[in-house]
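Text of target_4.txt, listed as compact mmCIF, C-alpha atoms and all ligand atoms:
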```txt
# COMPACT_ATOMS: atom_id res chain seq x y z
CA MET A 281 19.45 -11.24 -71.85
CA LEU A 282 17.60 -9.45 -69.16
CA ASN A 283 15.16 -11.33 -67.03
CA PRO A 284 11.79 -10.08 -68.28
CA ALA A 285 10.74 -9.48 -64.70
CA LEU A 286 13.57 -6.96 -64.29
CA ARG A 287 13.00 -5.20 -67.53
CA PRO A 288 11.95 -1.63 -66.91
CA GLY A 289 8.28 -1.34 -67.68
CA PRO A 290 6.60 1.73 -69.08
CA ALA A 291 7.07 4.73 -66.77
CA ARG A 292 3.91 5.19 -64.77
CA GLU A 293 2.85 8.23 -62.72
CA ARG A 294 1.82 6.97 -59.36
CA GLY A 295 -0.08 8.96 -56.67
CA PHE A 296 -1.84 7.87 -53.52
CA SER A 297 -4.93 5.84 -53.89
CA LEU A 298 -8.02 6.94 -52.01
CA LEU A 299 -7.63 3.94 -49.72
CA GLU A 300 -4.03 4.83 -48.86
CA LEU A 301 -5.02 8.43 -48.18
CA ALA A 302 -7.82 7.27 -45.90
CA ILE A 303 -5.43 5.05 -43.95
CA VAL A 304 -2.91 7.90 -43.55
CA LEU A 305 -5.63 10.27 -42.35
CA LEU A 306 -6.95 7.65 -39.94
CA VAL A 307 -3.48 7.07 -38.45
CA MET A 308 -2.86 10.84 -38.16
CA GLY A 309 -6.24 11.29 -36.52
CA LEU A 310 -5.49 8.58 -34.00
CA LEU A 311 -2.06 10.05 -33.26
CA LEU A 312 -3.41 13.61 -32.83
CA GLY A 313 -6.36 12.39 -30.78
CA GLY A 314 -3.99 10.49 -28.56
CA LEU A 315 -1.93 13.63 -28.04
CA VAL A 316 -4.73 16.17 -27.68
CA MET A 317 -6.96 14.29 -25.25
CA PRO A 318 -4.31 13.71 -22.59
CA LEU A 319 -3.21 17.35 -23.05
CA THR A 320 -6.61 18.80 -22.09
CA ALA A 321 -6.86 16.28 -19.28
CA ARG A 322 -3.42 17.37 -18.10
CA VAL A 323 -4.39 21.06 -18.18
CA ASP A 324 -7.53 20.27 -16.19
CA GLN A 325 -5.51 18.32 -13.62
CA GLN A 326 -2.97 21.16 -13.37
CA ARG A 327 -5.77 23.65 -12.71
CA PHE A 328 -7.27 21.32 -10.15
CA ASP A 329 -3.91 20.93 -8.38
CA ALA A 330 -3.20 24.69 -8.53
CA THR A 331 -6.60 25.45 -6.99
CA ALA A 332 -6.13 22.83 -4.28
CA ARG A 333 -2.78 24.47 -3.41
CA GLN A 334 -4.45 27.90 -3.44
CA LEU A 335 -7.07 26.66 -0.95
CA GLU A 336 -4.29 25.34 1.32
CA GLU A 337 -2.60 28.77 1.25
CA ILE A 338 -5.90 30.43 2.12
CA ARG A 339 -6.45 28.01 4.98
CA ALA A 340 -2.99 28.81 6.35
CA ALA A 341 -3.72 32.53 5.98
CA LEU A 342 -6.98 32.10 7.91
CA GLY A 343 -5.06 30.47 10.76
CA GLY A 344 -2.56 33.31 10.85
CA TRP A 345 -5.29 35.92 10.71
CA ALA A 346 -7.10 34.22 13.60
CA LEU A 347 -3.94 34.47 15.71
CA ALA A 348 -3.67 38.18 15.03
CA HIS A 349 -7.37 39.02 15.48
CA ASP A 350 -8.82 36.43 17.88
CA ALA A 351 -11.40 35.55 15.21
CA LEU A 352 -11.82 34.33 11.67
CA PRO A 353 -12.50 36.99 9.04
CA CYS A 354 -16.01 37.31 7.64
CA PRO A 355 -16.58 36.32 4.00
CA ALA A 356 -16.24 39.01 1.34
CA THR A 357 -19.36 39.91 -0.64
CA PRO A 358 -19.48 41.11 -4.27
CA GLY A 359 -19.92 44.62 -2.87
CA SER A 360 -17.10 44.58 -0.29
CA SER A 361 -14.18 45.15 -2.70
CA GLY A 362 -12.44 41.91 -1.74
CA ALA A 363 -12.42 42.72 1.99
CA ALA A 364 -14.18 40.86 4.80
CA ALA A 365 -17.72 42.16 5.35
CA PRO A 366 -18.42 42.13 9.12
CA THR A 367 -21.33 43.59 11.03
CA ALA A 368 -21.27 44.54 14.73
CA SER A 369 -22.34 41.03 15.78
CA GLY A 370 -21.48 38.80 12.80
CA CYS A 371 -21.09 38.97 9.04
CA VAL A 372 -23.04 40.57 6.19
CA ALA A 373 -23.11 37.10 4.59
CA GLN A 374 -22.42 33.74 6.22
CA HIS A 375 -21.74 32.27 2.76
CA GLY A 376 -19.62 34.47 0.54
CA PHE A 377 -16.13 34.71 -0.83
CA VAL A 378 -12.51 34.58 0.30
CA PRO A 379 -11.65 38.03 1.73
CA ALA A 380 -8.38 38.22 -0.22
CA VAL A 381 -7.75 41.88 0.57
CA THR A 382 -8.22 41.35 4.31
CA LEU A 383 -5.95 38.29 4.24
CA GLY A 384 -3.39 40.02 2.01
CA LEU A 385 -3.52 37.23 -0.58
CA ALA A 386 -2.19 37.68 -4.10
CA GLY A 387 -3.96 36.21 -7.11
CA ALA A 388 -6.26 37.06 -9.99
CA ARG A 389 -9.45 38.85 -9.01
CA ASN A 390 -12.53 39.73 -11.04
CA GLU A 391 -14.30 43.07 -11.42
CA ASP A 392 -15.99 42.55 -8.03
CA GLN A 393 -12.50 42.08 -6.51
CA LEU A 394 -13.25 38.44 -5.72
CA LEU A 395 -10.25 36.09 -5.67
CA LEU A 396 -10.48 33.57 -8.51
CA ASP A 397 -9.61 29.90 -8.83
CA ALA A 398 -7.68 28.48 -11.81
CA TRP A 399 -10.91 28.43 -13.87
CA GLY A 400 -11.61 32.14 -13.27
CA ASN A 401 -14.48 31.53 -10.84
CA PRO A 402 -14.53 33.19 -7.38
CA LEU A 403 -13.50 31.01 -4.43
CA ARG A 404 -16.30 30.53 -1.90
CA TYR A 405 -15.82 30.87 1.86
CA SER A 406 -18.37 30.17 4.59
CA VAL A 407 -18.14 30.68 8.36
CA SER A 408 -20.07 29.20 11.25
CA ARG A 409 -22.60 31.53 12.83
CA ALA A 410 -22.70 29.43 16.00
CA ASP A 411 -23.51 31.48 19.11
CA ALA A 412 -23.00 29.01 21.95
CA ASP A 413 -23.29 31.65 24.71
CA GLY A 414 -26.42 33.15 23.15
CA ASP A 415 -25.23 36.74 23.34
CA GLY A 416 -26.06 37.40 19.69
CA ASN A 417 -22.41 37.60 18.63
CA TRP A 418 -21.22 34.93 16.18
CA ASP A 419 -18.57 33.10 18.18
CA PHE A 420 -15.99 32.63 15.41
CA VAL A 421 -15.95 36.03 13.71
CA VAL A 422 -16.42 38.63 16.46
CA PRO A 423 -12.93 39.39 17.83
CA GLY A 424 -12.41 37.88 21.29
CA GLU A 425 -15.71 35.98 21.25
CA MET A 426 -14.02 32.55 21.04
CA ARG A 427 -12.21 33.42 24.27
CA ASN A 428 -15.42 34.62 25.92
CA VAL A 429 -17.23 31.40 25.04
CA THR A 430 -14.22 29.18 25.98
CA VAL A 431 -12.92 26.16 24.07
CA VAL A 432 -15.10 23.60 25.85
CA ALA A 433 -18.30 25.46 24.99
CA LEU A 434 -17.51 26.42 21.39
CA ALA A 435 -19.71 24.52 18.94
CA PRO A 436 -18.80 25.25 15.30
CA ASP A 437 -21.44 23.72 13.05
CA LEU A 438 -20.46 23.66 9.38
CA VAL A 439 -20.93 20.13 8.01
CA VAL A 440 -19.13 18.22 5.25
CA CYS A 441 -20.63 14.94 3.98
CA THR A 442 -19.42 12.32 1.51
CA THR A 443 -22.76 12.50 -0.32
CA ALA A 444 -25.81 14.72 -0.56
CA ALA A 445 -28.07 11.67 -0.42
CA GLY A 446 -30.19 11.73 2.70
CA SER A 447 -28.75 14.98 4.03
CA SER A 448 -30.92 17.62 5.70
CA PRO A 449 -30.21 21.38 5.73
CA GLY A 450 -28.23 20.85 8.95
CA ALA A 451 -26.70 17.37 8.85
CA CYS A 452 -25.47 14.48 6.71
CA ALA A 453 -27.63 11.36 6.37
CA GLY A 454 -25.76 9.71 9.22
CA SER A 455 -22.39 9.24 10.84
CA ALA A 456 -21.22 6.95 8.01
CA THR A 457 -21.45 9.81 5.50
CA THR A 458 -20.24 12.57 7.83
CA VAL A 459 -16.70 13.81 7.26
CA VAL A 460 -16.89 16.67 9.74
CA ALA A 461 -19.85 18.26 11.54
CA THR A 462 -17.90 20.86 13.52
CA ALA A 463 -16.07 23.02 11.00
CA PRO A 464 -15.69 26.72 11.86
CA ALA A 465 -15.09 27.60 8.19
CA VAL A 466 -15.36 25.94 4.76
CA LEU A 467 -13.53 26.84 1.53
CA LEU A 468 -14.91 25.82 -1.86
CA SER A 469 -13.86 25.90 -5.49
CA MET A 470 -16.68 24.94 -7.86
CA GLY A 471 -14.13 23.45 -10.26
CA LYS A 472 -14.20 23.41 -14.04
CA ASP A 473 -17.95 22.88 -14.42
CA TRP A 474 -18.90 25.92 -12.30
CA ALA A 475 -21.13 27.38 -15.00
CA ASN A 476 -23.01 24.16 -15.65
CA PHE A 477 -23.38 21.61 -12.88
CA ALA A 478 -26.25 19.24 -12.32
CA SER A 479 -25.33 16.50 -9.88
CA ALA A 480 -26.99 16.53 -6.45
CA ASP A 481 -23.61 16.44 -4.72
CA GLN A 482 -22.50 19.64 -6.47
CA GLN A 483 -25.86 21.33 -5.96
CA GLU A 484 -25.45 20.70 -2.23
CA ASN A 485 -22.49 23.10 -2.23
CA VAL A 486 -24.39 26.07 -3.67
CA GLY A 487 -28.05 27.00 -3.88
CA ALA A 488 -28.47 30.67 -2.96
CA MET A 489 -27.46 33.70 -5.01
CA LEU A 490 -25.32 36.61 -3.80
CA GLY A 491 -24.86 39.80 -5.78
CA GLY A 492 -24.66 43.55 -5.20
CA GLY A 493 -21.21 44.23 -6.66
CA PRO A 494 -20.08 46.69 -9.34
CA SER A 495 -20.40 44.02 -12.06
CA GLY A 496 -24.08 43.53 -11.33
CA ARG A 497 -23.54 39.79 -11.38
CA SER A 498 -25.06 37.37 -8.89
CA TYR A 499 -23.07 34.31 -7.89
CA PRO A 500 -24.27 30.98 -6.52
CA VAL A 501 -23.17 30.44 -2.92
CA ALA A 502 -24.10 27.90 -0.26
CA SER A 503 -27.70 27.97 0.92
CA ASP A 504 -27.16 26.05 4.16
CA ILE A 505 -24.39 24.71 6.41
CA VAL A 506 -24.07 21.31 4.67
CA PHE A 507 -21.38 20.71 2.02
CA VAL A 508 -20.26 17.64 0.08
CA ALA A 509 -16.64 16.64 -0.54
CA HIS A 510 -15.30 13.57 -2.33
CA SER A 511 -12.91 12.71 -5.11
CA GLN A 512 -13.54 13.63 -8.74
CA VAL A 513 -16.28 11.77 -10.61
CA GLN A 514 -16.82 12.13 -14.37
CA ALA A 515 -19.93 9.99 -14.88
CA THR A 516 -22.80 12.09 -16.29
CA GLY A 517 -25.41 12.75 -13.65
CA ALA A 518 -22.97 12.09 -10.82
CA GLU A 519 -20.21 14.44 -12.01
CA PHE A 520 -18.20 16.06 -9.24
CA ASP A 521 -15.14 18.27 -9.48
CA ASP A 522 -15.67 20.65 -6.55
CA ILE A 523 -12.72 21.16 -4.24
CA VAL A 524 -13.85 21.51 -0.64
CA THR A 525 -11.63 22.08 2.36
CA TRP A 526 -12.28 23.40 5.83
CA VAL A 527 -10.69 24.82 8.94
CA SER A 528 -10.44 22.07 11.54
CA PRO A 529 -11.64 23.18 14.98
CA GLY A 530 -8.81 21.26 16.67
CA ALA A 531 -6.16 22.91 14.52
CA LEU A 532 -7.67 26.36 15.10
CA TYR A 533 -7.96 25.95 18.89
CA GLY A 534 -4.48 24.37 19.07
CA GLN A 535 -2.93 27.36 17.32
CA LEU A 536 -4.77 29.86 19.49
CA VAL A 537 -4.03 28.03 22.75
CA ALA A 538 -0.35 27.62 21.83
CA ALA A 539 -0.15 31.36 21.23
CA GLY A 540 -1.86 32.10 24.55
CA ARG A 541 -4.91 33.58 22.78
CA LEU A 542 -7.32 30.99 24.16
CA PRO A 543 -7.26 29.83 27.77
CA CA B 601 -21.65 34.47 21.03
CA CA B 602 -17.99 21.59 -9.83
CA CA B 603 -25.74 22.70 1.20
```
Target encoding structure tokens, full file:
Amino acid sequence: MLNPALRPGPARERGFSLLELAIVLLVMGLLLGGLVMPLTARVDQQRFDATARQLEEIRAALGGWALAHDALPCPATPGSSGAAAPTASGCVAQHGFVPAVTLGLAGARNEDQLLLDAWGNPLRYSVSRADADGDGNWDFVVPGEMRNVTVVALAPDLVVCTTAAGSSPGACAGSATTVVATAPAVLLSMGKDWANFASADQQENVGAMLGGGPSGRSYPVASDIVFVAHSQVQATGAEFDDIVTWVSPGALYGQLVAAGRLP
């Protein structure tokens, strides 16, 4: 005789209970969430790294261009078709964009021919308008002017701070927050949040508007010679994802002296 416990009971259709379905959905949600979140973070980090590499290439190109022309190129403007925009004694704009056409750099450009970062936003470029010999010619962009002024007298003045707190339009709060106060040129990517940025540190890097190109758009650019650079911060109100790099005066002079272009 069969054990009653093993006797086949009446056939019963069995589906998923609501509770089981909820558990399955919860587990799937957790799994997908776990996959998707790191993926977007990874894409962001890849764009950040790609843009940082792009800025390094531009910096190297600036050094090479300086060797060939005895000067740094002027920034491009939205109306200069991607080329440097010089005047007889300086630049059309001290704070503008990477002159990709002048430097012969490849990369995506927008309708104003401005070289773009990995987020599709133009890369900013600023030059010092220092004029140590007072002849009216910007020392770092007028060809031969660095040589006229001489290395000991040159006084590039672009400033990079670790925080905007306490900075003035011409200096960081103090030496403790000063990264460099003698940069001849600064390169800037506004990062992922370029269209919507609120923190004081990011606002320090832009503040004026520059337009005049075929697109009719105006772009935020630096409003003074002080910039902020530090590592990425996500906290709301203090968010920071700008990538800032600069031409070191020592590296620039060293290159030019080694090539016999500066006495
Ligand atoms: Ca000068
Ligand atoms: Ca930013
Ligand atoms: Ca500033």
Contacts of ligand CA 603 (chain B), 6 Å or closer, all atoms listed in the file, given as a list in words: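 The distance check yields Glu484, Asn485, Ala502, Ser503, Asp504, Ile505, Val506 and Phe507 of chain A.
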Interatomic distance, atom CA of Ala410 of chain A to atom CA of Pro436 of chain A (Å, one decimal):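 Going from atom CA of Ala410 of chain A over to atom CA of Pro436 of chain A covers 5.8 Å.
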Expected selection as number ranges by chain for ligand CA 601 (chain B) within 7 Å, all atoms listed in the file: A: 411-419, 425, 429
Of the listed residues A:Thr320, A:Asn476, A:Ser511, A:Thr525, that which approaches ligand CA 602 (chain B) most closely, counting only C-alpha atoms and all ligand atoms: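 Of the candidates, the smallest distance to ligand CA 602 (chain B) is held by A:Asn476.
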Can you check which parts of segment 371-457 of chain A lie within 6 Å of segment 349-352 of chain A? Per residue, the shortest pair of atoms and distance in Å to one decimal, counting all atoms listed in the file, sorted by chain and number, as a tab-separated table.
```
residue	atom	partner	partner_atom	distance
A:Phe420	CA	A:Ala351	CA	5.4
A:Val421	CA	A:Ala351	CA	4.8
A:Pro423	CA	A:Ala351	CA	4.9
A:Gly424	CA	A:Asp350	CA	5.2
```
Interatomic distance, atom CA of Val537 of chain A to atom CA of Ala348 of chain A (Å, one decimal):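 Distance reported for this atom pair: 12.8 Å.
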Taking all atoms listed in the file into account, list the residues no farther than 6 Å from ligand CA 602 (chain B), as an mmCIF file with C-alpha atoms, in the coordinates of the input.
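Full text of part24.cif as output:
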```cif
data_model
loop_
_atom_site.group_PDB
_atom_site.id
_atom_site.type_symbol
_atom_site.label_atom_id
_atom_site.label_comp_id
_atom_site.auth_asym_id
_atom_site.auth_seq_id
_atom_site.Cartn_x
_atom_site.Cartn_y
_atom_site.Cartn_z
ATOM 1 C CA MET A 470 -16.680 24.940 -7.860
ATOM 2 C CA GLY A 471 -14.130 23.450 -10.260
ATOM 3 C CA LYS A 472 -14.200 23.410 -14.040
ATOM 4 C CA ASP A 473 -17.950 22.880 -14.420
ATOM 5 C CA TRP A 474 -18.900 25.920 -12.300
ATOM 6 C CA GLN A 482 -22.500 19.640 -6.470
ATOM 7 C CA PHE A 520 -18.200 16.060 -9.240
ATOM 8 C CA ASP A 521 -15.140 18.270 -9.480
ATOM 9 C CA ASP A 522 -15.670 20.650 -6.550
#
```
All residues 10 Å or closer to Thr367 of chain A, all atoms listed in the file, same chain fewer than 2 positions away omitted, as a ChimeraX atom specification: /A:354,364-365,369-373,417,421-422
Length of the atom CA of Glu391 of chain A to atom CA of Val524 of chain A vector [Å]: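 Straight-line distance from atom CA of Glu391 of chain A to atom CA of Val524 of chain A works out to 24.1 Å.
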Residues within 7 Å of Asp392 of chain A, please, as a PDB file with C-alpha atoms, in the frame of the given file. Count only C-alpha atoms; anything in the same chain fewer than 4 positions from it doesn't count.
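For reference, part-v1.pdb as written:
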```pdb
ATOM      1  CA  PRO A 358     -19.480  41.110  -4.270  1.00  0.00           C
ATOM      2  CA  GLY A 359     -19.920  44.620  -2.870  1.00  0.00           C
ATOM      3  CA  SER A 361     -14.180  45.150  -2.700  1.00  0.00           C
ATOM      4  CA  GLY A 493     -21.210  44.230  -6.660  1.00  0.00           C
ATOM      5  CA  PRO A 494     -20.080  46.690  -9.340  1.00  0.00           C
ATOM      6  CA  SER A 495     -20.400  44.020 -12.060  1.00  0.00           C
TER       7      SER A 495
END
```
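Among the candidate residues A:Thr357, A:Gly454, A:Leu301, A:Phe296, the one lying nearest to Gly491 of chain A is A:Thr357, with distances computed using only C-alpha atoms.
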Which residue of A:Asp397, A:Gly530, A:Thr442, A:Tyr499 approaches Arg333 of chain A most closely, using only C-alpha atoms: A:Asp397
Option closest in space to Ala332 of chain A, from A:Ala518, A:Val527, A:Met308, A:Ala398 [counting all atoms listed in the file]: A:Ala398
All residues 7 Å or closer to Leu490 of chain A, only C-alpha atoms, same chain fewer than 6 positions away omitted, as a PyMOL selection string: chain A and resi 498-501
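The residue that comes closest to Val508 of chain A, out of A:Val440, A:Leu383, A:Cys452, A:Ala538 and on the basis of only C-alpha atoms, is A:Val440.
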Of the listed residues A:Pro449, A:Gly376, A:Gly343, A:Pro402, that which approaches Pro355 of chain A most closely, counting all atoms listed in the file: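 The answer is A:Gly376, which sits nearest to Pro355 of chain A.
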Fewer than 2 positions away in the same chain doesn't count, so skip those; otherwise give me all residues within 8 Å of Val431 of chain A, counting only C-alpha atoms, as a PDB file with C-alpha atoms, keeping the file's coordinate frame.
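selection04.pdb written:
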```pdb
ATOM      1  CA  MET A 426     -14.020  32.550  21.040  1.00  0.00           C
ATOM      2  CA  ARG A 427     -12.210  33.420  24.270  1.00  0.00           C
ATOM      3  CA  VAL A 429     -17.230  31.400  25.040  1.00  0.00           C
ATOM      4  CA  ALA A 433     -18.300  25.460  24.990  1.00  0.00           C
ATOM      5  CA  LEU A 434     -17.510  26.420  21.390  1.00  0.00           C
ATOM      6  CA  TYR A 533      -7.960  25.950  18.890  1.00  0.00           C
ATOM      7  CA  LEU A 542      -7.320  30.990  24.160  1.00  0.00           C
ATOM      8  CA  PRO A 543      -7.260  29.830  27.770  1.00  0.00           C
TER       9      PRO A 543
END
```
Specify the axis-aligned box that encloses all atoms of segment 524-534 of chain A listed in the file after padding of 4 Å on each side, stating its centre and edge lengths in Å to one decimal as JSON.
```
{"center_x": -9.2, "center_y": 23.8, "center_z": 9.2, "size_x": 17.4, "size_y": 13.1, "size_z": 27.7}
```
